[in-house]
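Encoded as structure tokens, the structure appears first; notes follow it.
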Amino acid sequence: MNKVMMKAIIKKDLRDIFRTKSLLTTIIIIPIVFSVVFPTVLIGSALLFDLEKVMGADMQKMIGMFLAETKNADVLLETTEQKIVYLFINYLLPSLFLLVPIITASVVAANSFVGEKERRTLESLLFSPVSIKTLFISKTLASFIPSFLVSFISFVLCGLIINGLGYQLFGEIIFPSSNWIALIACLSPMVIFMTVLLNIFISSRVKTYQEAQNIGGIIVLPVVGLIVGQASGLFLVGAQLTLLISAGIMVLNLVLLHRMTKLNDRHVLFENQIH
Amino acid sequence: MKAMIEVKGVSKSFGSQVVLKDVHFTVEPGKIVGLLGPNGAGKTTFIRILNGVIKADAGSISIMGLSPTNHGDEIRAISGIVTESAGLYHQMTGIENLEFFADLYGVSDKNQIPKLLTLFELDGHEQKPVGTYSTGMKKRLALCKALLHNPKILFLDEPTNGLDPDGIKMVLSYLKKYNEETGTTIIICSHVLHQLEPICDSFAFLEERTIIEQGSMSELEATYLTDVIVRIGTDFTPTLKTIVGYPCEHSSGEILVTLPSKEEISTVLRELLKNHQVFSVEIVNNDLESIYFKVRESINR
């Protein structure tokens, strides 16, 4: 592996992200929606309205059941507002937040190979002395780095809003909980890595960016499933489960990585991509 | 002299479509070789196989003793290529493109980029995005890119496509000069025959998925020119349709004489000069285009 080549490819791809308006818009708007708008609206509503009255007895009962099931409410929850905000922030928002790295990584990585092909520059890369291994690793890093940065910045923003607004409600700092730490430190990087690997793999096989994004969309479906499950209380993802899922994805990533290094030889890539 | 590139019996198919069949090709070091053939003859595929980005189904290839299949990266490190699409990043500036490729090709000489920009008259445009360049400028920048690492072999796929006459003249004369100064072996794919004639040392004709002929201009002339047609500017008006026994056609102020060999030109001129004036003499069927059609004719016969 050649470090100069890797650095050059990563630098070029990062520069490309900042110069492609549609890419840049996606990776700015999505995090703002999930890490700024959602928590602000919820905590703001809790502060402004009397949620206890709005919700009615049945809903309060259900929230009580949810909280009883989680068993790890390390904060004293007295009012209905506190209970709702606590549930939302620690159990529903993490799943929604996971869409930030997934969508960012999908968009950036799908652009990676197919974007080069559509602009007819992949040919120049394959005609250069860059080994396919260096090319794939550089492309993976060039998609991983911005996606992880975006998700980390979103995490910090999210934390500032939750603690800033939530302090008035709880009288103490409630973010980040163990759930969130497991999410940002383990699950998020693993999910980004998986999304990037799958997308690069798909990109190197399909013909258009559109096709790559469509197939890449499959990755979003399990997360949607997770959210639905979360909302209906079927399974509540606690920190241990988050770590367990991260470990599972890590194994999957290793398998993917192993398969990719075997499958992607220059001739196959060239014949699939260049006409 | 040991061949720089030696190709023996190379074939390639994409699915059921045969693209190259039993191709034999040799290039000596330091020569400029024109790879000629109609569109879709397989020229681009052949260049890709030589660079090791596509694998041949059969045959053997040696480039400076290296095989493109097993030593592709080594071959690509000593080769420069200009593809038909130029392969540049349009959202990046000219200089950013060259700096990126300089890193990929391991170029450490910082003076190389400004030197090439000056040489190809791109000074003052290096900070503009390549997307705003004209076709000619993109081609010239692609040439800068291909020459960054002082390659030993230069592959040029239709390098003059999209260039205006001045651009074509400039690029071709520069390539000839570069070849003379550095001894770089150059393979040029083209279907614009008259452009290649003055700069190539030899020609290979790709037809019907294989190289049907290869040789220098004089070798090709010796094989394919069975008769010599000479256009003579003169005040002579033939009464019979012959001159010293050779067929002759007359049109205003000139005659076209068909001779069995070049040596007979003197005989005809001597006869003419006895009583008439001669203003110009030119062989009209020994240009590359005429030879190209002769070669194709001989194969299709």
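All residue names refer to the structure tokens as shown: chains lettered A, B, ... in order, residues numbered from 1 in each chain, ligands numbered from 1 in order.
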
What are the residues of chain B lining chain A at 6 Å or less? Count only C-alpha atoms, and put the answer as a PyMOL selection string.
chain B and resi 53-54+73+76-77+87-88+100+103-104

Just to be explicit: take each residue in the selection above, keep C-alpha atoms, and write the result as a CSV table (one decimal), in the first residue's frame.
```csv
chain,number,residue,atom,x,y,z
B,53,VAL,CA,-6.4,-3.3,-17.3
B,54,ILE,CA,-8.2,-5.9,-19.4
B,73,ASP,CA,1.4,-1.9,-11.9
B,76,ARG,CA,1.5,1.3,-15.8
B,77,ALA,CA,4.2,3.1,-13.8
B,87,GLY,CA,-10.2,11.2,-18.0
B,88,LEU,CA,-9.7,14.5,-16.1
B,100,PHE,CA,-3.3,14.5,-8.0
B,103,ASP,CA,1.1,11.8,-6.5
B,104,LEU,CA,-0.4,8.7,-8.1
```

From a DSSP pass on the backbone, collect the residues of segment 129-301 of chain B flagged as strand (DSSP E) and hand them back as a PyMOL selection string.
chain B and resi 153-157+185-190+202-207+210-216+228-234+242-243+246-251+254-259+278-283

Identify, on the basis of only C-alpha atoms, every residue whose closest approach to Ile49 of chain B does not exceed 9 Å; exclude the query and any residue fewer than 5 positions from it along the same chain; express the result as a list in words.
Lys12, Thr44, Ile54, Lys55, Ala56, Ile61, Pro68 and Thr69 of chain B

Can those selected residues be exported to a file as an mmCIF file, in the first residue's frame so that it contains N, CA and C atoms?
```cif
data_model
loop_
_atom_site.group_PDB
_atom_site.id
_atom_site.type_symbol
_atom_site.label_atom_id
_atom_site.label_comp_id
_atom_site.auth_asym_id
_atom_site.auth_seq_id
_atom_site.Cartn_x
_atom_site.Cartn_y
_atom_site.Cartn_z
ATOM 1 N N LYS B 12 -9.216 -11.691 -27.664
ATOM 2 C CA LYS B 12 -10.072 -11.220 -26.582
ATOM 3 C C LYS B 12 -11.530 -11.208 -27.033
ATOM 4 N N THR B 44 -8.844 0.464 -29.107
ATOM 5 C CA THR B 44 -8.891 0.837 -27.685
ATOM 6 C C THR B 44 -8.745 -0.394 -26.795
ATOM 7 N N ILE B 54 -7.269 -4.861 -18.904
ATOM 8 C CA ILE B 54 -8.163 -5.910 -19.411
ATOM 9 C C ILE B 54 -7.269 -7.117 -19.673
ATOM 10 N N LYS B 55 -7.796 -8.286 -19.367
ATOM 11 C CA LYS B 55 -6.982 -9.495 -19.518
ATOM 12 C C LYS B 55 -7.258 -10.141 -20.882
ATOM 13 N N ALA B 56 -6.203 -10.482 -21.595
ATOM 14 C CA ALA B 56 -6.391 -11.174 -22.878
ATOM 15 C C ALA B 56 -6.824 -12.612 -22.610
ATOM 16 N N ILE B 61 2.110 -11.431 -24.101
ATOM 17 C CA ILE B 61 2.502 -10.027 -24.275
ATOM 18 C C ILE B 61 3.722 -9.770 -23.403
ATOM 19 N N PRO B 68 1.717 -7.761 -18.833
ATOM 20 C CA PRO B 68 0.668 -6.885 -18.283
ATOM 21 C C PRO B 68 -0.229 -7.578 -17.256
ATOM 22 N N THR B 69 -0.405 -8.883 -17.380
ATOM 23 C CA THR B 69 -1.270 -9.592 -16.443
ATOM 24 C C THR B 69 -0.617 -9.696 -15.068
#
```

My list of candidates is A:Val100, A:Ile174, A:Ala212, A:Ile10. Which is closest to Ser154 of chain A when distances are computed with only C-alpha atoms?
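Closest to Ser154 of chain A of all the choices is A:Val100.
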
Got a sec to tell me which of segment 6-245 of chain A DSSP assigns to alpha helix (DSSP H), as a PyMOL selection string?
chain A and resi 6-19+21-32+38-48+51-70+80-87+93-97+99-110+116-118+122-127+132-170+178-182+188-203+209-216+220-231+239-245

Distance of atom CA of Pro146 of chain A from atom CA of Glu99 of chain B, expressed in Å to one decimal place
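We find that atom CA of Glu99 of chain B and atom CA of Pro146 of chain A lie 22.3 Å from each other.
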
Counting only C-alpha atoms, what is within 8 Å of Thr184 of chain B, bar same-chain residues fewer than 4 positions away, as a ChimeraX atom specification?
/B:29-31,151-154,178-180
